[in-house]
>>> print(open('entry.cif').read())   # mmCIF, C-alpha atoms and all ligand atoms
data_run
#
loop_
_atom_site.group_PDB
_atom_site.id
_atom_site.type_symbol
_atom_site.label_atom_id
_atom_site.label_comp_id
_atom_site.auth_asym_id
_atom_site.auth_seq_id
_atom_site.Cartn_x
_atom_site.Cartn_y
_atom_site.Cartn_z
ATOM 1 C CA MET A 6 17.915 -31.357 -14.122
ATOM 2 C CA VAL A 7 15.667 -29.053 -16.100
ATOM 3 C CA SER A 8 17.149 -28.157 -19.458
ATOM 4 C CA SER A 9 18.004 -24.586 -20.404
ATOM 5 C CA ALA A 10 15.369 -24.630 -23.120
ATOM 6 C CA VAL A 11 12.647 -25.500 -20.626
ATOM 7 C CA LEU A 12 13.872 -22.834 -18.237
ATOM 8 C CA PHE A 13 13.729 -20.270 -20.982
ATOM 9 C CA VAL A 14 10.140 -21.172 -21.758
ATOM 10 C CA LEU A 15 9.162 -20.955 -18.104
ATOM 11 C CA ALA A 16 10.719 -17.544 -17.755
ATOM 12 C CA ALA A 17 9.144 -16.291 -20.955
ATOM 13 C CA ALA A 18 5.740 -17.599 -19.899
ATOM 14 C CA ALA A 19 6.025 -15.853 -16.572
ATOM 15 C CA ALA A 20 7.032 -12.631 -18.224
ATOM 16 C CA SER A 21 4.203 -12.727 -20.706
ATOM 17 C CA VAL A 22 1.578 -12.638 -17.971
ATOM 18 C CA ASP A 23 1.305 -8.908 -18.258
ATOM 19 C CA ALA A 24 3.232 -8.366 -21.447
ATOM 20 C CA GLY A 25 2.745 -4.973 -22.948
ATOM 21 C CA THR A 26 1.098 -3.338 -20.002
ATOM 22 C CA LEU A 27 4.129 -1.678 -18.519
ATOM 23 C CA ALA A 28 7.792 -1.350 -19.236
ATOM 24 C CA PRO A 29 10.132 -1.578 -16.266
ATOM 25 C CA THR A 30 10.541 1.871 -14.838
ATOM 26 C CA LEU A 31 13.844 3.649 -14.694
ATOM 27 C CA ASP A 32 14.671 6.206 -12.142
ATOM 28 C CA GLY A 33 15.245 9.482 -13.851
ATOM 29 C CA GLY A 34 15.910 11.641 -10.877
ATOM 30 C CA ALA A 35 18.673 12.708 -8.616
ATOM 31 C CA PRO A 36 19.884 10.471 -5.795
ATOM 32 C CA THR A 37 17.070 9.925 -3.355
ATOM 33 C CA SER A 38 19.267 11.238 -0.587
ATOM 34 C CA ALA A 39 18.936 14.682 -2.138
ATOM 35 C CA ALA A 40 15.184 14.556 -2.622
ATOM 36 C CA PRO A 41 12.938 16.080 0.037
ATOM 37 C CA ILE A 42 9.709 14.436 1.099
ATOM 38 C CA SER A 43 6.825 15.985 -0.699
ATOM 39 C CA PRO A 44 3.417 14.661 -1.622
ATOM 40 C CA MET A 45 3.288 13.463 -5.204
ATOM 41 C CA PRO A 46 0.365 14.062 -7.517
ATOM 42 C CA THR A 47 -2.133 11.236 -7.482
ATOM 43 C CA GLY A 48 -0.841 8.177 -9.255
ATOM 44 C CA ALA A 49 2.041 10.101 -10.731
ATOM 45 C CA ALA A 50 5.177 8.293 -11.714
ATOM 46 C CA SER A 51 8.263 9.775 -10.181
ATOM 47 C CA ALA A 52 10.556 7.185 -11.653
ATOM 48 C CA THR A 53 10.601 6.822 -15.387
ATOM 49 C CA GLY A 54 13.119 6.344 -18.166
ATOM 50 C CA THR A 55 12.432 9.827 -19.386
ATOM 51 C CA PRO A 56 11.562 12.323 -16.673
ATOM 52 C CA GLY A 57 7.905 13.182 -16.891
ATOM 53 C CA GLU A 58 6.972 10.133 -18.902
ATOM 54 C CA PRO A 59 4.136 8.303 -17.147
ATOM 55 C CA THR A 60 4.725 4.627 -16.432
ATOM 56 C CA LYS A 61 1.110 3.663 -16.047
ATOM 57 C CA ALA A 62 -0.384 5.188 -19.156
ATOM 58 C CA LYS A 63 -1.472 1.861 -20.613
ATOM 59 C CA LEU A 64 -3.254 0.621 -17.533
ATOM 60 C CA PRO A 65 -6.982 1.043 -17.160
ATOM 61 C CA GLU A 66 -7.989 3.954 -14.976
ATOM 62 C CA LYS A 67 -9.967 1.715 -12.674
ATOM 63 C CA VAL A 68 -6.991 -0.324 -11.566
ATOM 64 C CA ALA A 69 -5.010 0.350 -8.418
ATOM 65 C CA GLU A 70 -2.037 -1.977 -8.139
ATOM 66 C CA VAL A 71 1.056 -1.785 -5.980
ATOM 67 C CA LEU A 72 4.241 -3.818 -5.938
ATOM 68 C CA PHE A 73 6.257 -3.780 -2.709
ATOM 69 C CA THR A 74 10.055 -3.717 -3.081
ATOM 70 C CA PHE A 75 12.786 -3.657 -0.429
ATOM 71 C CA ASP A 76 16.325 -2.364 -0.925
ATOM 72 C CA ASP A 77 19.707 -2.417 0.797
ATOM 73 C CA GLY A 78 19.418 -5.712 2.728
ATOM 74 C CA PRO A 79 19.362 -8.422 3.674
ATOM 75 C CA ALA A 80 19.468 -7.494 7.350
ATOM 76 C CA ILE A 81 19.875 -10.671 9.357
ATOM 77 C CA ASP A 82 18.159 -9.171 12.392
ATOM 78 C CA LYS A 83 15.237 -7.608 10.486
ATOM 79 C CA THR A 84 14.496 -9.303 7.161
ATOM 80 C CA PRO A 85 13.321 -12.615 8.747
ATOM 81 C CA GLU A 86 10.527 -10.787 10.614
ATOM 82 C CA LEU A 87 9.532 -9.082 7.379
ATOM 83 C CA LEU A 88 9.392 -12.454 5.617
ATOM 84 C CA ASP A 89 6.897 -13.645 8.227
ATOM 85 C CA THR A 90 4.800 -10.508 7.778
ATOM 86 C CA LEU A 91 4.742 -10.888 3.997
ATOM 87 C CA ASP A 92 3.709 -14.537 4.373
ATOM 88 C CA ARG A 93 0.913 -13.554 6.718
ATOM 89 C CA PHE A 94 -0.541 -11.225 4.079
ATOM 90 C CA GLY A 95 0.288 -13.391 1.058
ATOM 91 C CA VAL A 96 2.564 -10.779 -0.498
ATOM 92 C CA LYS A 97 5.495 -11.496 -2.841
ATOM 93 C CA THR A 98 8.216 -8.911 -3.172
ATOM 94 C CA ILE A 99 11.621 -8.115 -4.647
ATOM 95 C CA PHE A 100 14.648 -7.699 -2.409
ATOM 96 C CA PHE A 101 17.294 -5.596 -4.136
ATOM 97 C CA VAL A 102 20.315 -6.680 -2.118
ATOM 98 C CA ASN A 103 23.846 -5.405 -1.542
ATOM 99 C CA GLY A 104 26.589 -8.046 -1.589
ATOM 100 C CA TRP A 105 28.611 -6.515 1.208
ATOM 101 C CA HIS A 106 26.094 -8.078 3.594
ATOM 102 C CA PHE A 107 26.718 -11.602 2.347
ATOM 103 C CA GLN A 108 30.220 -11.860 0.915
ATOM 104 C CA GLY A 109 32.936 -13.782 2.718
ATOM 105 C CA THR A 110 32.944 -16.645 5.154
ATOM 106 C CA ASN A 111 32.057 -14.965 8.424
ATOM 107 C CA LYS A 112 28.979 -15.978 10.372
ATOM 108 C CA ALA A 113 26.960 -12.869 9.554
ATOM 109 C CA ALA A 114 27.571 -13.346 5.816
ATOM 110 C CA GLU A 115 26.518 -16.986 5.975
ATOM 111 C CA ARG A 116 23.397 -16.027 7.928
ATOM 112 C CA ALA A 117 22.599 -13.319 5.349
ATOM 113 C CA ARG A 118 22.918 -15.868 2.529
ATOM 114 C CA GLU A 119 20.528 -18.126 4.408
ATOM 115 C CA VAL A 120 18.029 -15.265 4.790
ATOM 116 C CA MET A 121 18.134 -14.803 1.001
ATOM 117 C CA ARG A 122 17.627 -18.518 0.415
ATOM 118 C CA GLU A 123 14.654 -18.411 2.777
ATOM 119 C CA ALA A 124 13.227 -15.451 0.844
ATOM 120 C CA VAL A 125 13.468 -17.469 -2.380
ATOM 121 C CA ARG A 126 11.825 -20.486 -0.725
ATOM 122 C CA ARG A 127 8.919 -18.229 0.186
ATOM 123 C CA GLY A 128 8.483 -17.021 -3.388
ATOM 124 C CA HIS A 129 10.274 -13.683 -3.350
ATOM 125 C CA LEU A 130 12.736 -12.465 -5.944
ATOM 126 C CA ILE A 131 16.305 -11.383 -5.259
ATOM 127 C CA GLY A 132 17.419 -8.394 -7.336
ATOM 128 C CA ASN A 133 20.843 -6.819 -7.873
ATOM 129 C CA HIS A 134 21.569 -3.518 -6.092
ATOM 130 C CA THR A 135 25.411 -3.657 -6.475
ATOM 131 C CA VAL A 136 27.914 -4.836 -3.887
ATOM 132 C CA HIS A 137 28.657 -1.591 -2.054
ATOM 133 C CA HIS A 138 25.789 0.792 -2.884
ATOM 134 C CA TYR A 139 28.021 3.456 -4.446
ATOM 135 C CA PHE A 140 26.539 6.378 -6.363
ATOM 136 C CA LEU A 141 27.393 4.969 -9.780
ATOM 137 C CA CYS A 142 27.092 8.265 -11.676
ATOM 138 C CA GLY A 143 29.881 9.726 -9.548
ATOM 139 C CA LYS A 144 33.162 9.993 -11.470
ATOM 140 C CA LEU A 145 35.036 7.822 -9.027
ATOM 141 C CA TYR A 146 32.489 5.026 -9.020
ATOM 142 C CA LEU A 147 31.537 4.978 -12.680
ATOM 143 C CA LYS A 148 34.734 3.049 -13.356
ATOM 144 C CA ARG A 149 33.654 0.456 -10.849
ATOM 145 C CA ALA A 150 30.096 0.114 -12.096
ATOM 146 C CA ASP A 151 30.767 -3.006 -14.194
ATOM 147 C CA ALA A 152 32.512 -4.743 -11.316
ATOM 148 C CA GLU A 153 29.849 -3.648 -8.817
ATOM 149 C CA ILE A 154 27.092 -5.133 -10.970
ATOM 150 C CA ASP A 155 28.941 -8.301 -12.008
ATOM 151 C CA GLN A 156 30.351 -9.135 -8.613
ATOM 152 C CA ASN A 157 27.007 -8.682 -6.914
ATOM 153 C CA ALA A 158 25.351 -10.924 -9.499
ATOM 154 C CA GLU A 159 28.031 -13.537 -8.770
ATOM 155 C CA LEU A 160 27.586 -13.257 -5.008
ATOM 156 C CA ILE A 161 23.832 -13.641 -5.403
ATOM 157 C CA GLU A 162 24.299 -16.662 -7.635
ATOM 158 C CA GLN A 163 26.642 -18.240 -5.083
ATOM 159 C CA ALA A 164 24.018 -17.697 -2.394
ATOM 160 C CA ILE A 165 20.799 -18.741 -4.144
ATOM 161 C CA GLY A 166 21.971 -20.645 -7.229
ATOM 162 C CA MET A 167 20.642 -18.183 -9.744
ATOM 163 C CA ARG A 168 21.800 -14.870 -11.196
ATOM 164 C CA PRO A 169 19.440 -11.972 -10.449
ATOM 165 C CA LEU A 170 16.936 -11.121 -13.166
ATOM 166 C CA LEU A 171 16.348 -7.530 -12.108
ATOM 167 C CA PHE A 172 18.548 -4.579 -11.154
ATOM 168 C CA ARG A 173 18.055 -1.280 -9.371
ATOM 169 C CA THR A 174 20.745 1.413 -9.240
ATOM 170 C CA PRO A 175 21.714 2.658 -5.774
ATOM 171 C CA TYR A 176 20.059 6.039 -5.111
ATOM 172 C CA GLY A 177 18.196 5.520 -8.391
ATOM 173 C CA SER A 178 21.206 7.135 -10.061
ATOM 174 C CA HIS A 179 20.621 7.829 -13.708
ATOM 175 C CA CYS A 180 23.042 9.342 -16.226
ATOM 176 C CA LYS A 181 24.032 8.583 -19.789
ATOM 177 C CA GLU A 182 27.257 6.880 -18.714
ATOM 178 C CA ILE A 183 25.471 4.461 -16.431
ATOM 179 C CA GLN A 184 22.830 3.897 -19.095
ATOM 180 C CA ALA A 185 25.624 2.735 -21.417
ATOM 181 C CA VAL A 186 26.930 0.357 -18.756
ATOM 182 C CA LEU A 187 23.447 -1.073 -18.179
ATOM 183 C CA ALA A 188 22.851 -1.417 -21.922
ATOM 184 C CA ARG A 189 26.097 -3.375 -22.223
ATOM 185 C CA HIS A 190 24.828 -5.711 -19.531
ATOM 186 C CA GLY A 191 21.401 -5.902 -21.158
ATOM 187 C CA ILE A 192 19.836 -4.487 -17.985
ATOM 188 C CA ASP A 193 16.701 -2.393 -17.639
ATOM 189 C CA ALA A 194 16.902 -0.801 -14.222
ATOM 190 C CA ILE A 195 13.790 -0.927 -12.060
ATOM 191 C CA GLY A 196 12.707 2.368 -10.539
ATOM 192 C CA TRP A 197 9.859 3.235 -8.195
ATOM 193 C CA ASP A 198 6.780 5.416 -7.962
ATOM 194 C CA ILE A 199 6.086 5.775 -4.236
ATOM 195 C CA ASP A 200 9.027 6.710 -2.020
ATOM 196 C CA PRO A 201 8.278 7.454 1.637
ATOM 197 C CA GLN A 202 12.020 7.964 2.288
ATOM 198 C CA ASP A 203 11.771 5.475 5.121
ATOM 199 C CA TRP A 204 15.580 5.292 5.366
ATOM 200 C CA ARG A 205 15.656 8.980 6.229
ATOM 201 C CA VAL A 206 12.578 9.590 8.370
ATOM 202 C CA LYS A 207 12.933 6.317 10.347
ATOM 203 C CA ASN A 208 9.483 6.835 11.767
ATOM 204 C CA THR A 209 6.865 4.115 11.395
ATOM 205 C CA LYS A 210 3.877 6.445 11.654
ATOM 206 C CA LYS A 211 5.181 8.873 9.045
ATOM 207 C CA VAL A 212 6.049 6.073 6.614
ATOM 208 C CA VAL A 213 2.628 4.468 7.036
ATOM 209 C CA GLU A 214 0.828 7.789 6.569
ATOM 210 C CA TYR A 215 2.818 8.666 3.459
ATOM 211 C CA VAL A 216 2.175 5.315 1.797
ATOM 212 C CA GLU A 217 -1.522 5.310 2.728
ATOM 213 C CA HIS A 218 -1.884 8.836 1.375
ATOM 214 C CA HIS A 219 -0.549 7.739 -2.006
ATOM 215 C CA LEU A 220 -2.379 4.424 -2.141
ATOM 216 C CA LYS A 221 -5.664 6.100 -1.265
ATOM 217 C CA THR A 222 -5.768 7.949 -4.574
ATOM 218 C CA LEU A 223 -3.684 5.542 -6.659
ATOM 219 C CA ARG A 224 -4.908 4.787 -10.151
ATOM 220 C CA GLY A 225 -2.821 2.499 -12.319
ATOM 221 C CA ARG A 226 0.188 0.571 -11.118
ATOM 222 C CA ALA A 227 2.889 1.746 -8.757
ATOM 223 C CA ILE A 228 6.110 0.394 -7.324
ATOM 224 C CA LEU A 229 6.623 1.108 -3.627
ATOM 225 C CA LEU A 230 10.199 1.576 -2.422
ATOM 226 C CA LEU A 231 11.064 0.526 1.133
ATOM 227 C CA HIS A 232 14.230 -0.605 2.938
ATOM 228 C CA ASP A 233 14.305 -3.752 5.059
ATOM 229 C CA VAL A 234 17.319 -2.553 7.040
ATOM 230 C CA HIS A 235 15.310 -0.287 9.359
ATOM 231 C CA ALA A 236 13.203 -1.546 12.264
ATOM 232 C CA THR A 237 10.778 1.346 11.727
ATOM 233 C CA THR A 238 10.109 0.080 8.196
ATOM 234 C CA ILE A 239 9.686 -3.536 9.308
ATOM 235 C CA ALA A 240 7.041 -2.264 11.745
ATOM 236 C CA ALA A 241 5.340 -0.162 9.063
ATOM 237 C CA VAL A 242 4.710 -3.020 6.627
ATOM 238 C CA PRO A 243 2.005 -4.900 8.591
ATOM 239 C CA GLU A 244 0.286 -1.588 9.314
ATOM 240 C CA ILE A 245 0.212 -0.694 5.619
ATOM 241 C CA LEU A 246 -1.054 -4.146 4.633
ATOM 242 C CA THR A 247 -3.723 -4.090 7.339
ATOM 243 C CA TRP A 248 -4.805 -0.654 6.138
ATOM 244 C CA ILE A 249 -5.083 -1.985 2.565
ATOM 245 C CA ASN A 250 -7.334 -4.805 3.771
ATOM 246 C CA ASP A 251 -9.537 -2.386 5.725
ATOM 247 C CA GLU A 252 -9.637 0.083 2.850
ATOM 248 C CA ASN A 253 -10.649 -2.690 0.441
ATOM 249 C CA GLN A 254 -13.464 -3.709 2.787
ATOM 250 C CA ARG A 255 -14.704 -0.123 2.739
ATOM 251 C CA ARG A 256 -14.428 0.011 -1.055
ATOM 252 C CA LEU A 257 -16.613 -3.053 -1.420
ATOM 253 C CA HIS A 258 -19.474 -0.717 -0.573
ATOM 254 C CA THR A 259 -18.395 2.295 -2.605
ATOM 255 C CA GLY A 260 -17.502 0.579 -5.879
ATOM 256 C CA GLU A 261 -14.011 2.107 -5.960
ATOM 257 C CA PRO A 262 -11.332 -0.199 -7.371
ATOM 258 C CA GLN A 263 -9.703 -2.532 -4.882
ATOM 259 C CA ILE A 264 -6.055 -1.922 -4.112
ATOM 260 C CA LYS A 265 -4.273 -5.009 -5.355
ATOM 261 C CA VAL A 266 -0.858 -5.916 -4.052
ATOM 262 C CA ILE A 267 0.726 -7.486 -7.105
ATOM 263 C CA ASP A 268 3.838 -9.601 -7.468
ATOM 264 C CA TYR A 269 6.953 -8.912 -9.517
ATOM 265 C CA ARG A 270 6.369 -11.097 -12.521
ATOM 266 C CA TYR A 271 5.247 -8.355 -14.875
ATOM 267 C CA LEU A 272 8.735 -6.871 -14.575
ATOM 268 C CA LEU A 273 10.657 -9.958 -15.610
ATOM 269 C CA PRO A 274 12.610 -9.717 -18.856
ATOM 270 C CA LYS A 275 11.324 -11.850 -21.708
ATOM 271 C CA VAL A 276 14.734 -13.181 -22.604
ATOM 272 C CA GLN A 277 17.030 -14.354 -19.894
ATOM 273 C CA LEU A 278 20.369 -16.020 -19.645
ATOM 274 C CA VAL A 279 19.813 -19.119 -17.604
ATOM 275 C CA PRO A 280 22.768 -20.839 -15.989
ATOM 276 C CA PRO A 281 23.396 -24.296 -17.407
ATOM 277 C CA ALA A 282 22.748 -25.910 -14.051
ATOM 278 C CA LEU A 283 20.632 -24.705 -11.186
ATOM 279 C CA ASN A 284 20.823 -25.934 -7.656
ATOM 280 C CA SER A 285 17.672 -26.812 -5.795
ATOM 281 C CA LEU A 286 16.908 -23.213 -4.836
ATOM 282 C CA GLY A 287 17.148 -22.073 -8.426
ATOM 283 C CA GLN A 288 14.577 -24.724 -9.201
ATOM 284 C CA VAL A 289 12.360 -23.421 -6.390
ATOM 285 C CA MET A 290 12.545 -19.943 -7.915
ATOM 286 C CA LEU A 291 11.531 -21.238 -11.308
ATOM 287 C CA LYS A 292 8.612 -23.086 -9.767
ATOM 288 C CA TRP A 293 7.307 -19.764 -8.477
ATOM 289 C CA LEU A 294 7.891 -18.065 -11.812
ATOM 290 C CA ALA A 295 5.925 -20.748 -13.627
ATOM 291 C CA GLN A 296 2.824 -20.300 -11.486
ATOM 292 C CA PRO A 297 -0.088 -18.174 -12.615
ATOM 293 C CA PRO A 298 -0.104 -14.680 -11.139
ATOM 294 C CA ALA A 299 -1.543 -14.593 -7.655
ATOM 295 C CA ASN A 300 -2.538 -10.936 -7.558
ATOM 296 C CA SER A 301 -4.092 -11.818 -4.264
ATOM 297 C CA GLY A 302 -1.995 -9.282 -2.476
ATOM 298 C CA ALA A 303 -3.143 -8.321 0.930
ATOM 299 C CA THR A 304 -6.447 -10.061 0.728
ATOM 300 C CA ARG A 305 -5.512 -13.002 2.915
HETATM 301 ZN ZN ZN B 1 19.603 1.442 -2.029
#
>>> encode(input="entry.cif", output="structure tokens", more="lines below")
Ligand SMILES: [Zn+2]
Amino acid sequence: MVSSAVLFVLAAAAASVDAGTLAPTLDGGAPTSAAPISPMPTGAASATGTPGEPTKAKLPEKVAEVLFTFDDGPAIDKTPELLDTLDRFGVKTIFFVNGWHFQGTNKAAERAREVMREAVRRGHLIGNHTVHHYFLCGKLYLKRADAEIDQNAELIEQAIGMRPLLFRTPYGSHCKEIQAVLARHGIDAIGWDIDPQDWRVKNTKKVVEYVEHHLKTLRGRAILLLHDVHATTIAAVPEILTWINDENQRRLHTGEPQIKVIDYRYLLPKVQLVPPALNSLGQVMLKWLAQPPANSGATR
């Protein structure tokens, strides 16, 4: 067994890869369900701790980096195909999962836990998105926020042998009450910068076009929000990654910065609570964390 001290060092080393370049973003806006689709200014950050505060200010202008993230799964009939796609393009992602998919002893729950274990084996990170995806700033659900966060962390740990390191609020909900809850848990919520509202439009072409439009003019680093519970999104991902490859080929001749698909390690907290004992999958996760950043993105 690897000792806690060693695990701490591994996690800290992984987190220091990009230390100081970017703080985890917080969503400062209303629930996404209320937000209409509208083109965002080039490279603008729509999700920050303080509305209007840019998340990419410290990055060089000539960098264009995107991190793919997927919320609301796992979907046993969709996520496995996505895992294959991500492998094909050499992309590592974060799955912010909801425990209602994988709690209990029924077959679907067991299958969902296995999908998460497979994601970890392939180098992806599992993040906490609460058990039931309630709007936590709502009066009724604020009281349940602690339980929603804790219980989901427990369910994830039961499934993959490790508590989640990252958290995203459902709907990106942000209010001072939920901030206090997150502070008590020592959690910095992860937001996003590019939101094609794939859950709402459910149209592969529109999702692809929206993401390409924003990546085309991206400067700095952006987090892309997608949902692996919709077939239209699963179909959009290989199209987006193929477009990135083609676009990068074109840019070889123009001198524009390549679009790099980056992994999640720059978001990892520097100090983490590590469970005293990890099962074999927890060890697999730590192996990935200890590796140097790939940053190879969609180049394979
Ligand atoms: Zn969600």
>>> closest_atom_pairs(input="entry.cif", of="chain A", to="ligand ZN 1 (chain B)", cutoff="10 Å", atoms="all atoms listed in the file", output="tab-separated table")
residue	atom	partner	partner_atom	distance
A:Pro36	CA	B:ZN1	ZN	9.8
A:Thr37	CA	B:ZN1	ZN	9.0
A:Ser38	CA	B:ZN1	ZN	9.9
A:Phe75	CA	B:ZN1	ZN	8.7
A:Asp76	CA	B:ZN1	ZN	5.1
A:Asp77	CA	B:ZN1	ZN	4.8
A:Gly78	CA	B:ZN1	ZN	8.6
A:Phe101	CA	B:ZN1	ZN	7.7
A:Val102	CA	B:ZN1	ZN	8.2
A:Asn103	CA	B:ZN1	ZN	8.1
A:His134	CA	B:ZN1	ZN	6.7
A:Thr135	CA	B:ZN1	ZN	8.9
A:His137	CA	B:ZN1	ZN	9.5
A:His138	CA	B:ZN1	ZN	6.3
A:Tyr139	CA	B:ZN1	ZN	9.0
A:Phe140	CA	B:ZN1	ZN	9.6
A:Arg173	CA	B:ZN1	ZN	8.0
A:Thr174	CA	B:ZN1	ZN	7.3
A:Pro175	CA	B:ZN1	ZN	4.5
A:Tyr176	CA	B:ZN1	ZN	5.6
A:Gly177	CA	B:ZN1	ZN	7.7
A:Ser178	CA	B:ZN1	ZN	10.0
A:Trp204	CA	B:ZN1	ZN	9.3
A:Leu230	CA	B:ZN1	ZN	9.4
A:Leu231	CA	B:ZN1	ZN	9.2
A:His232	CA	B:ZN1	ZN	7.6
>>> atom_distance(input="entry.cif", atom1="CA of Ala117 (chain A)", atom2="CA of Arg149 (chain A)")
24.0 Å
>>> atom_distance(input="entry.cif", atom1="CA of Leu291 (chain A)", atom2="CA of Arg118 (chain A)")
18.7 Å
>>> closest_residue(input="entry.cif", among="A:Ile249, A:Ile99, A:Val212, A:Ala114", to="Pro169 (chain A)", atoms="all atoms listed in the file")
A:Ile99
>>> atom_distance(input="entry.cif", atom1="CA of Glu159 (chain A)", atom2="CA of Val234 (chain A)")
22.0 Å
>>> closest_residue(input="entry.cif", among="A:Lys148, A:Lys292, A:Lys112, A:Arg224", to="Gln263 (chain A)", atoms="all atoms listed in the file")
A:Arg224
>>> closest_residue(input="entry.cif", among="A:Leu246, A:Ile183, A:Leu88, A:Val96", to="Ala124 (chain A)", atoms="only C-alpha atoms")
A:Leu88
>>> axis_aligned_box(input="entry.cif", around="region 198-204 of chain A", padding_each_side="4 Å", output="AutoDock Vina command-line options")
--center_x 10.8 --center_y 6.6 --center_z -1.3 --size_x 17.5 --size_y 10.7 --size_z 21.3
>>> residues_around(input="entry.cif", residues="Asp92 (chain A)", least_positions_apart="2", cutoff="12 Å", atoms="only C-alpha atoms", output="MDAnalysis selection string")
chainID A and resid 85:90 94:98 123:124 126:129 242:243 246 301:305
>>> write_last_selection(input="entry.cif", atoms="C-alpha atoms", output="PDB file, in the frame of the given file")
ATOM      1  CA  PRO A  85      13.321 -12.615   8.747  1.00  0.00           C
ATOM      2  CA  GLU A  86      10.527 -10.787  10.614  1.00  0.00           C
ATOM      3  CA  LEU A  87       9.532  -9.082   7.379  1.00  0.00           C
ATOM      4  CA  LEU A  88       9.392 -12.454   5.617  1.00  0.00           C
ATOM      5  CA  ASP A  89       6.897 -13.645   8.227  1.00  0.00           C
ATOM      6  CA  THR A  90       4.800 -10.508   7.778  1.00  0.00           C
ATOM      7  CA  PHE A  94      -0.541 -11.225   4.079  1.00  0.00           C
ATOM      8  CA  GLY A  95       0.288 -13.391   1.058  1.00  0.00           C
ATOM      9  CA  VAL A  96       2.564 -10.779  -0.498  1.00  0.00           C
ATOM     10  CA  LYS A  97       5.495 -11.496  -2.841  1.00  0.00           C
ATOM     11  CA  THR A  98       8.216  -8.911  -3.172  1.00  0.00           C
ATOM     12  CA  GLU A 123      14.654 -18.411   2.777  1.00  0.00           C
ATOM     13  CA  ALA A 124      13.227 -15.451   0.844  1.00  0.00           C
ATOM     14  CA  ARG A 126      11.825 -20.486  -0.725  1.00  0.00           C
ATOM     15  CA  ARG A 127       8.919 -18.229   0.186  1.00  0.00           C
ATOM     16  CA  GLY A 128       8.483 -17.021  -3.388  1.00  0.00           C
ATOM     17  CA  HIS A 129      10.274 -13.683  -3.350  1.00  0.00           C
ATOM     18  CA  VAL A 242       4.710  -3.020   6.627  1.00  0.00           C
ATOM     19  CA  PRO A 243       2.005  -4.900   8.591  1.00  0.00           C
ATOM     20  CA  LEU A 246      -1.054  -4.146   4.633  1.00  0.00           C
ATOM     21  CA  SER A 301      -4.092 -11.818  -4.264  1.00  0.00           C
ATOM     22  CA  GLY A 302      -1.995  -9.282  -2.476  1.00  0.00           C
ATOM     23  CA  ALA A 303      -3.143  -8.321   0.930  1.00  0.00           C
ATOM     24  CA  THR A 304      -6.447 -10.061   0.728  1.00  0.00           C
ATOM     25  CA  ARG A 305      -5.512 -13.002   2.915  1.00  0.00           C
TER      26      ARG A 305
END
>>> resolve_selection(input="entry.cif", expression="the PyMOL selection byres (((chain A and resi 290) around 12) and not hetatm)", output="number ranges by chain")
A: 12, 15-16, 19, 121-131, 165-170, 270, 283-289, 291-296
>>> write_last_selection(input="entry.cif", atoms="C-alpha atoms", output="mmCIF file, keeping the file's coordinate frame")
data_model
loop_
_atom_site.group_PDB
_atom_site.id
_atom_site.type_symbol
_atom_site.label_atom_id
_atom_site.label_comp_id
_atom_site.auth_asym_id
_atom_site.auth_seq_id
_atom_site.Cartn_x
_atom_site.Cartn_y
_atom_site.Cartn_z
ATOM 1 C CA LEU A 12 13.872 -22.834 -18.237
ATOM 2 C CA LEU A 15 9.162 -20.955 -18.104
ATOM 3 C CA ALA A 16 10.719 -17.544 -17.755
ATOM 4 C CA ALA A 19 6.025 -15.853 -16.572
ATOM 5 C CA MET A 121 18.134 -14.803 1.001
ATOM 6 C CA ARG A 122 17.627 -18.518 0.415
ATOM 7 C CA GLU A 123 14.654 -18.411 2.777
ATOM 8 C CA ALA A 124 13.227 -15.451 0.844
ATOM 9 C CA VAL A 125 13.468 -17.469 -2.380
ATOM 10 C CA ARG A 126 11.825 -20.486 -0.725
ATOM 11 C CA ARG A 127 8.919 -18.229 0.186
ATOM 12 C CA GLY A 128 8.483 -17.021 -3.388
ATOM 13 C CA HIS A 129 10.274 -13.683 -3.350
ATOM 14 C CA LEU A 130 12.736 -12.465 -5.944
ATOM 15 C CA ILE A 131 16.305 -11.383 -5.259
ATOM 16 C CA ILE A 165 20.799 -18.741 -4.144
ATOM 17 C CA GLY A 166 21.971 -20.645 -7.229
ATOM 18 C CA MET A 167 20.642 -18.183 -9.744
ATOM 19 C CA ARG A 168 21.800 -14.870 -11.196
ATOM 20 C CA PRO A 169 19.440 -11.972 -10.449
ATOM 21 C CA LEU A 170 16.936 -11.121 -13.166
ATOM 22 C CA ARG A 270 6.369 -11.097 -12.521
ATOM 23 C CA LEU A 283 20.632 -24.705 -11.186
ATOM 24 C CA ASN A 284 20.823 -25.934 -7.656
ATOM 25 C CA SER A 285 17.672 -26.812 -5.795
ATOM 26 C CA LEU A 286 16.908 -23.213 -4.836
ATOM 27 C CA GLY A 287 17.148 -22.073 -8.426
ATOM 28 C CA GLN A 288 14.577 -24.724 -9.201
ATOM 29 C CA VAL A 289 12.360 -23.421 -6.390
ATOM 30 C CA LEU A 291 11.531 -21.238 -11.308
ATOM 31 C CA LYS A 292 8.612 -23.086 -9.767
ATOM 32 C CA TRP A 293 7.307 -19.764 -8.477
ATOM 33 C CA LEU A 294 7.891 -18.065 -11.812
ATOM 34 C CA ALA A 295 5.925 -20.748 -13.627
ATOM 35 C CA GLN A 296 2.824 -20.300 -11.486
#
>>> closest_residue(input="entry.cif", among="A:Lys181, A:Asn157, A:Arg256, A:Ile192", to="Gly143 (chain A)", atoms="only C-alpha atoms")
A:Lys181
>>> closest_residue(input="entry.cif", among="A:Ala80, A:Leu229, A:Leu141, A:Leu91", to="Ile154 (chain A)", atoms="all atoms listed in the file")
A:Leu141
>>> decode(input="entry.cif", residues="region 149-155 of chain A", atoms="C-alpha atoms", output="tab-separated table (two decimals), in the first residue's frame")
chain	number	residue	atom	x	y	z
A	149	ARG	CA	-29.88	19.37	1.71
A	150	ALA	CA	-26.71	20.73	0.14
A	151	ASP	CA	-24.36	19.19	2.73
A	152	ALA	CA	-25.97	15.78	2.38
A	153	GLU	CA	-26.07	16.03	-1.42
A	154	ILE	CA	-22.34	16.74	-1.56
A	155	ASP	CA	-21.27	14.28	1.15
